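Colleague: File structure24.txt below, compact mmCIF, C-alpha atoms and all ligand atoms:
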```
# COMPACT_ATOMS: atom_id res chain seq x y z
CA MET Y 1122 -141.97 35.10 -69.88
CA LYS Y 1123 -138.68 35.52 -71.68
CA ILE Y 1124 -139.22 38.43 -74.07
CA LEU Y 1125 -136.87 39.73 -76.78
CA PHE Y 1126 -137.27 43.38 -77.82
CA ALA Y 1127 -135.63 43.76 -81.24
CA ASP Y 1128 -136.31 47.50 -81.50
CA LYS Y 1129 -136.26 50.44 -79.11
CA PHE Y 1130 -138.74 50.25 -76.22
CA PRO Y 1131 -139.38 52.94 -73.57
CA ALA Y 1132 -137.34 52.27 -70.42
CA ALA Y 1133 -140.20 52.85 -67.94
CA ARG Y 1134 -142.41 50.22 -69.64
CA LEU Y 1135 -139.52 47.79 -69.74
CA GLU Y 1136 -139.02 48.25 -65.99
CA HIS Y 1137 -142.73 47.66 -65.44
CA LEU Y 1138 -142.48 44.33 -67.29
CA ARG Y 1139 -139.36 43.34 -65.35
CA GLY Y 1140 -141.14 44.26 -62.13
CA ALA Y 1141 -143.96 41.91 -63.15
CA GLY Y 1142 -141.40 39.09 -63.30
CA HIS Y 1143 -140.68 38.92 -67.04
CA GLU Y 1144 -137.16 38.44 -68.31
CA CYS Y 1145 -136.73 41.21 -70.89
CA VAL Y 1146 -133.79 41.41 -73.28
CA LEU Y 1147 -133.43 44.67 -75.22
CA GLU Y 1148 -131.49 44.44 -78.49
CA PRO Y 1149 -132.62 47.56 -80.37
CA ASP Y 1150 -130.07 47.22 -83.17
CA LEU Y 1151 -131.02 43.71 -84.25
CA THR Y 1152 -131.63 43.41 -87.99
CA ALA Y 1153 -133.94 40.97 -89.76
CA ASP Y 1154 -130.89 38.95 -90.86
CA ARG Y 1155 -129.56 38.59 -87.32
CA LEU Y 1156 -132.88 37.76 -85.68
CA PRO Y 1157 -132.76 33.98 -86.37
CA SER Y 1158 -129.53 33.64 -84.43
CA LYS Y 1159 -130.97 35.55 -81.43
CA VAL Y 1160 -134.57 34.44 -81.10
CA GLY Y 1161 -133.95 30.96 -79.65
CA GLY Y 1162 -135.25 30.46 -76.12
CA PHE Y 1163 -137.66 33.42 -76.17
CA GLU Y 1164 -141.40 32.98 -75.77
CA ALA Y 1165 -142.27 36.44 -77.06
CA LEU Y 1166 -140.67 38.77 -79.61
CA VAL Y 1167 -141.49 42.50 -79.79
CA VAL Y 1168 -140.61 44.41 -82.98
CA ARG Y 1169 -141.32 47.70 -84.72
CA SER Y 1170 -140.47 47.63 -88.45
CA THR Y 1171 -137.79 44.94 -88.16
CA ARG Y 1172 -138.88 42.18 -90.52
CA VAL Y 1173 -139.82 38.85 -89.01
CA GLU Y 1174 -139.25 36.29 -91.74
CA ALA Y 1175 -139.92 32.56 -91.98
CA GLY Y 1176 -136.30 31.85 -90.94
CA THR Y 1177 -136.78 33.70 -87.66
CA LEU Y 1178 -139.98 31.83 -86.93
CA ALA Y 1179 -138.28 28.51 -87.73
CA ALA Y 1180 -135.35 29.38 -85.47
CA GLY Y 1181 -137.64 30.48 -82.64
CA GLU Y 1182 -138.33 27.16 -80.96
CA GLY Y 1183 -140.59 27.98 -78.05
CA LEU Y 1184 -141.71 31.26 -79.64
CA LYS Y 1185 -145.44 31.74 -79.05
CA LEU Y 1186 -146.07 35.41 -79.59
CA VAL Y 1187 -144.80 38.10 -81.97
CA ILE Y 1188 -145.96 41.58 -81.02
CA ARG Y 1189 -145.78 44.32 -83.62
CA ALA Y 1190 -145.30 47.52 -81.61
CA GLY Y 1191 -147.29 49.52 -84.13
CA ALA Y 1192 -150.09 49.04 -86.62
CA GLY Y 1193 -148.76 47.56 -89.90
CA THR Y 1194 -147.99 43.84 -89.95
CA ASN Y 1195 -146.83 43.58 -93.57
CA THR Y 1196 -143.25 43.11 -92.28
CA ILE Y 1197 -144.16 39.88 -90.52
CA ASP Y 1198 -144.54 36.54 -92.32
CA LYS Y 1199 -147.98 35.82 -90.89
CA ALA Y 1200 -148.49 32.66 -92.95
CA ALA Y 1201 -145.27 31.13 -91.56
CA ALA Y 1202 -146.28 32.23 -88.06
CA SER Y 1203 -149.71 30.61 -88.41
CA GLU Y 1204 -148.16 27.35 -89.64
CA ARG Y 1205 -146.13 27.22 -86.44
CA GLY Y 1206 -149.00 28.31 -84.21
CA VAL Y 1207 -147.26 31.59 -83.34
CA ARG Y 1208 -149.70 34.42 -82.57
CA VAL Y 1209 -148.98 37.76 -84.26
CA CYS Y 1210 -150.55 40.70 -82.42
CA ASN Y 1211 -150.41 44.39 -83.32
CA VAL Y 1212 -151.13 47.66 -81.55
CA PRO Y 1213 -153.33 49.64 -83.93
CA GLY Y 1214 -154.50 53.21 -83.42
CA ARG Y 1215 -152.11 54.29 -80.69
CA ASN Y 1216 -149.72 56.09 -83.06
CA ALA Y 1217 -152.45 57.54 -85.28
CA VAL Y 1218 -152.14 61.10 -83.95
CA ALA Y 1219 -148.39 61.15 -84.57
CA VAL Y 1220 -148.84 59.99 -88.18
CA ALA Y 1221 -151.60 62.56 -88.71
CA GLU Y 1222 -149.41 65.34 -87.31
CA LEU Y 1223 -146.64 64.46 -89.77
CA THR Y 1224 -149.16 64.28 -92.62
CA LEU Y 1225 -150.28 67.85 -91.98
CA GLY Y 1226 -146.66 68.85 -91.42
CA LEU Y 1227 -145.67 67.58 -94.86
CA LEU Y 1228 -148.70 69.22 -96.44
CA ILE Y 1229 -147.82 72.64 -95.04
CA ALA Y 1230 -144.15 72.07 -95.85
CA ILE Y 1231 -145.07 71.45 -99.49
CA ASP Y 1232 -147.44 74.38 -99.83
CA ARG Y 1233 -144.94 76.83 -98.26
CA ARG Y 1234 -141.80 75.00 -99.50
CA ILE Y 1235 -140.41 75.10 -95.97
CA PRO Y 1236 -137.41 72.73 -96.42
CA ASP Y 1237 -136.13 74.72 -99.43
CA ASN Y 1238 -136.61 77.98 -97.54
CA VAL Y 1239 -134.58 76.60 -94.66
CA ALA Y 1240 -131.84 75.20 -96.92
CA ASP Y 1241 -131.33 78.58 -98.64
CA LEU Y 1242 -131.13 80.49 -95.34
CA ARG Y 1243 -128.62 77.97 -93.99
CA ASP Y 1244 -126.55 78.61 -97.12
CA GLY Y 1245 -126.66 82.36 -96.42
CA ARG Y 1246 -129.16 83.17 -99.21
CA TRP Y 1247 -132.15 85.48 -98.70
CA ASN Y 1248 -134.74 84.59 -101.33
CA LYS Y 1249 -138.12 85.98 -100.35
CA LYS Y 1250 -138.86 86.45 -104.05
CA ARG Y 1251 -138.64 82.78 -104.95
CA TRP Y 1252 -140.00 81.19 -101.77
CA SER Y 1253 -143.03 83.47 -101.56
CA GLU Y 1254 -144.82 81.27 -104.10
CA ALA Y 1255 -147.51 79.43 -102.14
CA GLN Y 1256 -151.16 78.87 -102.78
CA GLY Y 1257 -152.45 78.35 -99.23
CA LEU Y 1258 -154.59 75.50 -97.97
CA PHE Y 1259 -157.83 77.10 -96.79
CA GLY Y 1260 -160.83 76.05 -98.89
CA ARG Y 1261 -158.89 73.61 -101.06
CA SER Y 1262 -160.16 70.08 -101.53
CA MET Y 1263 -158.48 67.12 -99.88
CA GLY Y 1264 -159.23 63.47 -100.59
CA ILE Y 1265 -158.48 61.03 -97.80
CA VAL Y 1266 -158.08 57.38 -98.80
CA GLY Y 1267 -158.79 55.17 -95.80
CA PHE Y 1268 -160.77 56.25 -92.74
CA GLY Y 1269 -159.18 54.07 -90.08
CA ALA Y 1270 -157.72 55.69 -86.96
CA ILE Y 1271 -155.03 57.53 -88.96
CA GLY Y 1272 -157.23 58.75 -91.82
CA MET Y 1273 -159.74 59.98 -89.27
CA ALA Y 1274 -157.08 61.81 -87.24
CA VAL Y 1275 -155.91 63.45 -90.49
CA ALA Y 1276 -159.50 64.45 -91.30
CA ASP Y 1277 -159.94 66.11 -87.87
CA ARG Y 1278 -156.81 68.20 -88.34
CA ALA Y 1279 -157.40 69.02 -92.01
CA TRP Y 1280 -160.94 70.19 -91.15
CA ALA Y 1281 -159.42 72.65 -88.65
CA PHE Y 1282 -157.39 74.13 -91.52
CA GLY Y 1283 -160.56 74.75 -93.50
CA LEU Y 1284 -159.90 72.10 -96.12
CA LYS Y 1285 -162.94 70.66 -97.90
CA LEU Y 1286 -162.79 66.93 -97.23
CA HIS Y 1287 -163.66 64.07 -99.55
CA GLY Y 1288 -163.49 60.28 -99.34
CA VAL Y 1289 -164.64 57.21 -101.20
CA TYR Y 1290 -167.98 55.67 -100.28
CA LYS Y 1291 -167.64 52.27 -98.63
CA ALA Y 1292 -170.51 50.05 -97.58
CA GLY Y 1293 -170.59 48.81 -94.00
CA ARG Y 1294 -168.69 51.62 -92.27
CA PRO Y 1295 -169.59 51.59 -88.57
CA ILE Y 1296 -172.19 54.17 -87.63
CA GLU Y 1297 -169.72 56.08 -85.40
CA VAL Y 1298 -167.40 56.48 -88.41
CA GLN Y 1299 -170.29 57.61 -90.62
CA ASN Y 1300 -171.32 60.15 -87.98
CA ARG Y 1301 -167.79 61.53 -87.64
CA LEU Y 1302 -167.44 61.81 -91.42
CA ALA Y 1303 -170.74 63.66 -91.55
CA SER Y 1304 -169.74 66.01 -88.75
CA LEU Y 1305 -166.56 66.94 -90.62
CA GLY Y 1306 -168.53 67.49 -93.81
CA VAL Y 1307 -166.70 64.70 -95.66
CA GLU Y 1308 -168.28 64.25 -99.06
CA CYS Y 1309 -168.00 60.67 -100.31
CA VAL Y 1310 -167.66 59.93 -104.03
CA ASP Y 1311 -168.12 56.56 -105.74
CA ASP Y 1312 -164.53 55.68 -106.59
CA LEU Y 1313 -160.88 56.64 -106.31
CA GLU Y 1314 -160.77 58.02 -109.85
CA THR Y 1315 -163.51 60.54 -109.09
CA LEU Y 1316 -161.73 61.42 -105.84
CA ALA Y 1317 -158.49 62.10 -107.74
CA GLU Y 1318 -160.27 64.31 -110.29
CA ARG Y 1319 -162.04 66.29 -107.61
CA CYS Y 1320 -159.18 67.00 -105.20
CA ASP Y 1321 -156.15 69.29 -104.97
CA ILE Y 1322 -154.63 67.05 -102.32
CA LEU Y 1323 -154.78 63.24 -101.99
CA SER Y 1324 -153.62 61.49 -98.81
CA PHE Y 1325 -153.26 57.70 -98.46
CA HIS Y 1326 -153.91 55.95 -95.13
CA VAL Y 1327 -154.39 52.29 -96.04
CA PRO Y 1328 -152.67 49.09 -94.85
CA GLY Y 1329 -150.02 47.43 -97.00
CA THR Y 1330 -151.84 44.49 -98.61
CA GLU Y 1331 -152.16 42.88 -102.04
CA GLU Y 1332 -155.26 45.03 -102.65
CA THR Y 1333 -153.49 48.31 -101.92
CA ARG Y 1334 -150.24 47.55 -103.77
CA GLY Y 1335 -149.80 50.08 -106.59
CA MET Y 1336 -153.07 51.84 -105.67
CA LEU Y 1337 -151.54 55.18 -106.66
CA GLY Y 1338 -150.47 53.91 -110.07
CA ARG Y 1339 -150.37 55.23 -113.63
CA ALA Y 1340 -154.14 54.98 -114.19
CA LEU Y 1341 -154.99 56.96 -111.05
CA LEU Y 1342 -152.20 59.47 -111.59
CA GLU Y 1343 -153.68 60.24 -115.02
CA ARG Y 1344 -156.80 61.42 -113.21
CA VAL Y 1345 -154.90 63.48 -110.61
CA ARG Y 1346 -155.04 67.23 -111.18
CA PRO Y 1347 -151.95 69.01 -112.57
CA GLY Y 1348 -149.98 70.47 -109.66
CA ALA Y 1349 -151.82 68.31 -107.12
CA ILE Y 1350 -150.20 67.28 -103.85
CA VAL Y 1351 -150.09 63.60 -102.94
CA LEU Y 1352 -149.23 62.36 -99.47
CA ASN Y 1353 -148.26 58.82 -98.57
CA LEU Y 1354 -147.48 57.93 -94.98
CA SER Y 1355 -148.89 54.42 -95.19
CA ARG Y 1356 -146.70 51.87 -97.01
CA GLY Y 1357 -144.23 52.42 -99.83
CA ASP Y 1358 -145.68 49.93 -102.26
CA VAL Y 1359 -149.08 51.65 -102.20
CA VAL Y 1360 -147.39 53.97 -104.73
CA ASP Y 1361 -146.07 52.96 -108.15
CA GLU Y 1362 -142.89 55.00 -107.76
CA GLU Y 1363 -142.00 55.16 -111.47
CA ALA Y 1364 -145.48 56.37 -112.33
CA LEU Y 1365 -145.31 59.03 -109.60
CA ILE Y 1366 -141.99 60.32 -110.94
CA GLU Y 1367 -143.59 60.57 -114.41
CA ALA Y 1368 -146.52 62.53 -112.97
CA MET Y 1369 -144.17 64.87 -111.12
CA ASP Y 1370 -142.11 65.48 -114.27
CA GLY Y 1371 -145.12 65.60 -116.59
CA LYS Y 1372 -147.70 67.62 -114.70
CA GLY Y 1373 -146.03 69.14 -111.68
CA VAL Y 1374 -147.49 66.80 -109.07
CA ARG Y 1375 -145.75 67.27 -105.71
CA ALA Y 1376 -145.46 64.65 -103.00
CA GLY Y 1377 -144.95 64.34 -99.25
CA LEU Y 1378 -143.71 60.86 -98.46
CA ASP Y 1379 -142.68 59.04 -95.30
CA VAL Y 1380 -142.44 55.56 -96.83
CA TYR Y 1381 -140.72 54.04 -99.88
CA ALA Y 1382 -140.98 50.74 -101.75
CA ASN Y 1383 -137.39 49.75 -101.02
CA GLU Y 1384 -136.92 51.42 -97.66
CA PRO Y 1385 -134.40 49.81 -95.28
CA GLY Y 1386 -135.84 47.85 -92.36
CA SER Y 1387 -133.28 49.22 -89.92
CA GLY Y 1388 -132.60 52.55 -88.23
CA GLU Y 1389 -129.56 53.55 -90.27
CA ALA Y 1390 -128.69 52.45 -93.81
CA GLU Y 1391 -127.99 53.63 -97.34
CA ILE Y 1392 -131.05 54.23 -99.50
CA ASP Y 1393 -131.04 54.41 -103.26
CA SER Y 1394 -134.39 55.94 -104.19
CA PRO Y 1395 -134.83 58.14 -107.28
CA LEU Y 1396 -138.23 59.05 -105.87
CA ALA Y 1397 -136.93 60.27 -102.50
CA CYS Y 1398 -134.30 62.43 -104.30
CA HIS Y 1399 -136.78 64.03 -106.71
CA PRO Y 1400 -137.04 67.83 -106.27
CA ASN Y 1401 -140.86 67.63 -106.10
CA VAL Y 1402 -140.69 65.32 -103.08
CA TYR Y 1403 -140.31 66.25 -99.45
CA GLY Y 1404 -139.47 62.95 -97.88
CA THR Y 1405 -139.04 61.82 -94.30
CA HIS Y 1406 -137.52 58.58 -92.99
CA HIS Y 1407 -140.62 56.53 -92.00
CA ILE Y 1408 -140.83 58.56 -88.80
CA GLY Y 1409 -144.61 59.01 -88.76
CA ALA Y 1410 -145.03 57.05 -85.53
CA SER Y 1411 -141.78 58.20 -83.98
CA THR Y 1412 -142.85 60.68 -81.34
CA ALA Y 1413 -142.22 59.98 -77.66
CA GLN Y 1414 -145.98 60.32 -77.07
CA ALA Y 1415 -146.82 57.73 -79.70
CA GLN Y 1416 -144.10 55.32 -78.63
CA ASP Y 1417 -145.24 55.50 -75.00
CA ALA Y 1418 -148.83 54.86 -76.09
CA VAL Y 1419 -147.78 51.92 -78.28
CA ALA Y 1420 -145.63 50.52 -75.46
CA ASP Y 1421 -148.69 50.65 -73.18
CA GLY Y 1422 -150.49 48.56 -75.81
CA VAL Y 1423 -147.63 46.04 -75.87
CA VAL Y 1424 -147.78 45.75 -72.06
CA GLU Y 1425 -151.55 45.21 -72.26
CA ILE Y 1426 -151.04 42.37 -74.77
CA LEU Y 1427 -148.40 40.72 -72.57
CA ASP Y 1428 -150.52 41.08 -69.41
CA ALA Y 1429 -153.55 39.64 -71.20
CA TYR Y 1430 -151.48 36.78 -72.61
CA GLN Y 1431 -150.30 35.89 -69.11
CA ALA Y 1432 -153.95 35.85 -68.06
CA GLY Y 1433 -154.82 33.46 -70.94
CA GLU Y 1434 -156.23 35.95 -73.46
CA VAL Y 1435 -154.78 36.91 -76.85
CA LEU Y 1436 -155.46 40.56 -77.82
CA ASN Y 1437 -155.34 41.95 -81.39
CA CYS Y 1438 -154.37 38.66 -83.03
CA VAL Y 1439 -153.93 39.31 -86.78
CA ASN Y 1440 -153.19 35.82 -88.13
CA GLU Y 1441 -156.67 34.88 -89.28
CA GLN Y 1442 -156.22 31.13 -88.91
CA LEU Y 1443 -155.50 31.47 -85.19
CA GLN Y 1444 -158.06 34.10 -84.26
CA GLY Y 1445 -160.52 33.02 -81.62
CA ASP Y 1446 -158.45 30.01 -80.54
CA GLY Y 1447 -157.32 30.00 -76.95
CA GLN Y 1448 -153.62 29.86 -76.16
C1 LIG Y 1501 -146.93 51.41 -88.06
O1 LIG Y 1501 -147.17 50.48 -88.82
O2 LIG Y 1501 -147.40 51.47 -86.91
C2 LIG Y 1501 -146.09 52.56 -88.53
O3 LIG Y 1501 -145.72 52.41 -89.87
C3 LIG Y 1501 -144.89 52.79 -87.65
O4 LIG Y 1501 -143.88 51.88 -87.85
P1 LIG Y 1501 -142.59 51.93 -86.92
O5 LIG Y 1501 -143.01 51.58 -85.55
O6 LIG Y 1501 -141.67 50.92 -87.49
O7 LIG Y 1501 -142.04 53.31 -87.00
```
Starting from the file, lay out its structure as structure tokens.
Modeller:
Amino acid sequence: MKILFADKFPAARLEHLRGAGHECVLEPDLTADRLPSKVGGFEALVVRSTRVEAGTLAAGEGLKLVIRAGAGTNTIDKAAASERGVRVCNVPGRNAVAVAELTLGLLIAIDRRIPDNVADLRDGRWNKKRWSEAQGLFGRSMGIVGFGAIGMAVADRAWAFGLKLHGVYKAGRPIEVQNRLASLGVECVDDLETLAERCDILSFHVPGTEETRGMLGRALLERVRPGAIVLNLSRGDVVDEEALIEAMDGKGVRAGLDVYANEPGSGEAEIDSPLACHPNVYGTHHIGASTAQAQDAVADGVVEILDAYQAGEVLNCVNEQLQGDGQ
């Protein structure tokens, strides 16, 4: 197959694919705007967060497969892909540990104010007095919203820190998930509002969909405890950013964020985000999945999808209309 990689891809996996006879073109700096002019002639397109819009799908005559080298597919126009019979496949779960590690990293950073500590020392200021203010995490209550692979990996790690874990009850969770939640002592409440009232820390691990847009909005933030910590490493528009700023100004909520509503889709760009600049926010650059371990694991998943496709099987197809069809 002729495959275009529009984001970084580990060299060893690329060599494996070339060795299997595929023609692989690596263009890691391609932007969403430039994709339509490049995609012609390729049968498969592999992307991370680079947006795949209707224009790219229209320009991609011969394109049969778009592989999202990661979990979230909100950056891909799945409806346009379905109309053209293009399969969209993702690689869920493989970067869950990396996202969970950053979640706990941001949580500890907030509690101990690590970035501000570091900034003062770098400026030659010793300020043990100010930066000694920390509550500690042990025994505090943490609400996890979403118990997919990432939420579960967060729960495992948070449990090890002695946090008391809570979630929202959901009918139909697989028995393995129910058993794991029980073994971690996760107490499930009836709704998000109760979760917000009950917890010192709230962490969001949900996909970016119409249902989750604005989930952490004004109404929920009213129920959040004063001084609570909120963590969002899922998708930017899960948070109503204006409402979060109000809650930070009004009742001292603090936030650890890896994603933003208007975040750029490329590796380097300007960002104009009042939320990311707010002093109560420790923000990272949507790097949750960006460890070498996670990227190797995701790349293995991409190779599996390509190998299966060659053998006539479509793995992890997310465009509902095309699921179950053969090639
Ligand atoms: C995902 O959806 O898998 C994560 O948000 C990671 O996205 P990225 O591969 O663009 O960093």
Colleague: Let me make sure I understand: among Y:Arg1356, Y:Lys1250, Y:Arg1319, Y:Arg1301, which one has the smallest atom-to-atom distance to Lys1285 in chain Y if we use all atoms listed in the file?
Modeller: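 Closest candidate: Y:Arg1319.
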Colleague: How would you report the residues lying within 10 Å of ligand LIG 1501 (chain Y), as number ranges by chain, if you count only C-alpha atoms and all ligand atoms?
Modeller: Y: 1128-1129, 1168-1172, 1189-1196, 1211-1217, 1219-1220, 1271, 1328-1329, 1354-1356, 1379-1380, 1386-1388, 1406-1412, 1415-1416, 1419
Colleague: Rounded to one decimal place, report the CA of Ala1349 in chain Y-CA of Asn1300 in chain Y distance in Å.
Modeller: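 Between CA of Ala1349 in chain Y and CA of Asn1300 in chain Y the gap works out to 28.5 Å.
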Colleague: Smallest atom-to-atom distance to Val1374 in chain Y: which of Y:Arg1246, Y:His1399, Y:Arg1205, Y:His1143, using all atoms listed in the file?
Modeller: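 Using all atoms listed in the file, Val1374 in chain Y sits closest to Y:His1399.
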Colleague: Find, counting all atoms listed in the file, the residue in Y:Gln1414, Y:Asn1437, Y:Gln1431, Y:Asn1401 that gets nearest to Pro1131 in chain Y.
Modeller: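 So, comparing all the options, the nearest one is Y:Gln1414.
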Colleague: Between CA of Ser1253 in chain Y and CA of Val1239 in chain Y, what is the distance, to one decimal in Å?
Modeller: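 Interatomic distance here is 12.9 Å.
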Colleague: Just want the 8 Å neighbourhood of range 1200-1204 of chain Y, counted on all atoms listed in the file, with same-chain residues fewer than 3 positions away dropped. Output as an mmCIF file with C-alpha atoms, in the frame of the given file.
Modeller:
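Heads up, here's the output in around_20.cif:
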```
data_model
loop_
_atom_site.group_PDB
_atom_site.id
_atom_site.type_symbol
_atom_site.label_atom_id
_atom_site.label_comp_id
_atom_site.auth_asym_id
_atom_site.auth_seq_id
_atom_site.Cartn_x
_atom_site.Cartn_y
_atom_site.Cartn_z
ATOM 1 C CA GLU Y 1174 -139.250 36.290 -91.740
ATOM 2 C CA ALA Y 1175 -139.920 32.560 -91.980
ATOM 3 C CA LEU Y 1178 -139.980 31.830 -86.930
ATOM 4 C CA VAL Y 1207 -147.260 31.590 -83.340
ATOM 5 C CA ARG Y 1208 -149.700 34.420 -82.570
ATOM 6 C CA VAL Y 1209 -148.980 37.760 -84.260
ATOM 7 C CA ASN Y 1440 -153.190 35.820 -88.130
ATOM 8 C CA GLN Y 1442 -156.220 31.130 -88.910
ATOM 9 C CA LEU Y 1443 -155.500 31.470 -85.190
#
```
Colleague: For range 1292-1298 of chain Y, find every residue with an atom within 10 Å (counting only C-alpha atoms), except residues of its own chain fewer than 3 positions away, and show them as a ChimeraX atom specification.
Modeller: /Y:1268-1270,1273,1289,1301-1304
Colleague: So that I can see what lies close to range 1257-1265 of chain Y, please list as a PyMOL selection string the residues with an atom at most 9 Å from it, counting all atoms listed in the file and leaving out residues fewer than 4 positions away in the same chain.
Modeller: chain Y and resi 1228-1229+1232-1233+1272-1273+1275-1276+1279+1282-1289+1316-1317+1319-1326
Colleague: Would you mind listing what lies within 8 Å of Ala1397 in chain Y as a list in words, with only C-alpha atoms counted and same-chain residues fewer than 3 positions away left out?
Modeller: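 Surrounding residues, per the criterion: Leu1378, Tyr1381, Ser1394, Val1402, Tyr1403 and Gly1404 of chain Y.
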Colleague: Between Y:Pro1385, Y:Val1266, Y:Cys1309, Y:Pro1149, which residue has the minimum interatomic distance to Val1327 in chain Y, considering all atoms listed in the file?
Modeller: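 Counting all atoms listed in the file, the residue closest to Val1327 in chain Y is Y:Val1266.
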Colleague: CA of Ala1376 in chain Y to CA of Leu1337 in chain Y: how many Å, to one decimal?
Modeller: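 Those two atoms sit 11.8 Å apart.
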Colleague: Quick one: residues within 10 Å of Ala1364 in chain Y, only C-alpha atoms, excluding same-chain residues fewer than 4 positions away - as an MDAnalysis selection string?
Modeller: chainID Y and resid 1335 1337:1343 1360 1368:1370
Colleague: Can range 1135-1141 of chain Y be brought up to all heavy atoms and written out as a compact mmCIF listing (two decimals), in the frame of the given file?
Modeller:
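Done, and the output landed in out.txt:
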```txt
# COMPACT_ATOMS: atom_id res chain seq x y z
N LEU Y 1135 -140.36 48.97 -69.88
CA LEU Y 1135 -139.52 47.79 -69.74
C LEU Y 1135 -139.36 47.44 -68.25
O LEU Y 1135 -139.46 46.27 -67.85
CB LEU Y 1135 -138.14 48.12 -70.34
CG LEU Y 1135 -137.35 47.01 -71.00
CD1 LEU Y 1135 -138.18 46.28 -72.05
CD2 LEU Y 1135 -136.10 47.59 -71.65
N GLU Y 1136 -139.16 48.48 -67.44
CA GLU Y 1136 -139.02 48.25 -65.99
C GLU Y 1136 -140.30 47.67 -65.41
O GLU Y 1136 -140.28 46.79 -64.56
CB GLU Y 1136 -138.66 49.56 -65.27
CG GLU Y 1136 -137.20 49.94 -65.41
CD GLU Y 1136 -136.25 48.73 -65.35
OE1 GLU Y 1136 -136.29 47.99 -64.35
OE2 GLU Y 1136 -135.51 48.50 -66.33
N HIS Y 1137 -141.44 48.18 -65.90
CA HIS Y 1137 -142.73 47.66 -65.44
C HIS Y 1137 -142.80 46.15 -65.71
O HIS Y 1137 -143.20 45.37 -64.83
CB HIS Y 1137 -143.86 48.40 -66.16
CG HIS Y 1137 -145.20 47.74 -66.01
ND1 HIS Y 1137 -146.06 48.04 -64.97
CD2 HIS Y 1137 -145.80 46.77 -66.75
CE1 HIS Y 1137 -147.14 47.29 -65.09
NE2 HIS Y 1137 -147.02 46.51 -66.16
N LEU Y 1138 -142.40 45.75 -66.92
CA LEU Y 1138 -142.48 44.33 -67.29
C LEU Y 1138 -141.52 43.51 -66.43
O LEU Y 1138 -141.86 42.40 -65.98
CB LEU Y 1138 -142.18 44.15 -68.78
CG LEU Y 1138 -143.26 44.68 -69.72
CD1 LEU Y 1138 -142.77 44.71 -71.16
CD2 LEU Y 1138 -144.52 43.79 -69.63
N ARG Y 1139 -140.33 44.07 -66.20
CA ARG Y 1139 -139.36 43.34 -65.35
C ARG Y 1139 -139.92 43.20 -63.94
O ARG Y 1139 -139.82 42.13 -63.33
CB ARG Y 1139 -138.01 44.07 -65.35
CG ARG Y 1139 -137.29 43.87 -66.68
CD ARG Y 1139 -135.89 44.48 -66.68
NE ARG Y 1139 -135.21 44.16 -67.92
CZ ARG Y 1139 -134.58 45.04 -68.69
NH1 ARG Y 1139 -134.52 46.32 -68.34
NH2 ARG Y 1139 -134.01 44.65 -69.81
N GLY Y 1140 -140.54 44.28 -63.47
CA GLY Y 1140 -141.14 44.26 -62.13
C GLY Y 1140 -142.22 43.20 -62.03
O GLY Y 1140 -142.47 42.64 -60.95
N ALA Y 1141 -142.89 42.93 -63.15
CA ALA Y 1141 -143.96 41.91 -63.15
C ALA Y 1141 -143.38 40.50 -63.28
O ALA Y 1141 -144.13 39.52 -63.39
CB ALA Y 1141 -144.93 42.19 -64.28
```
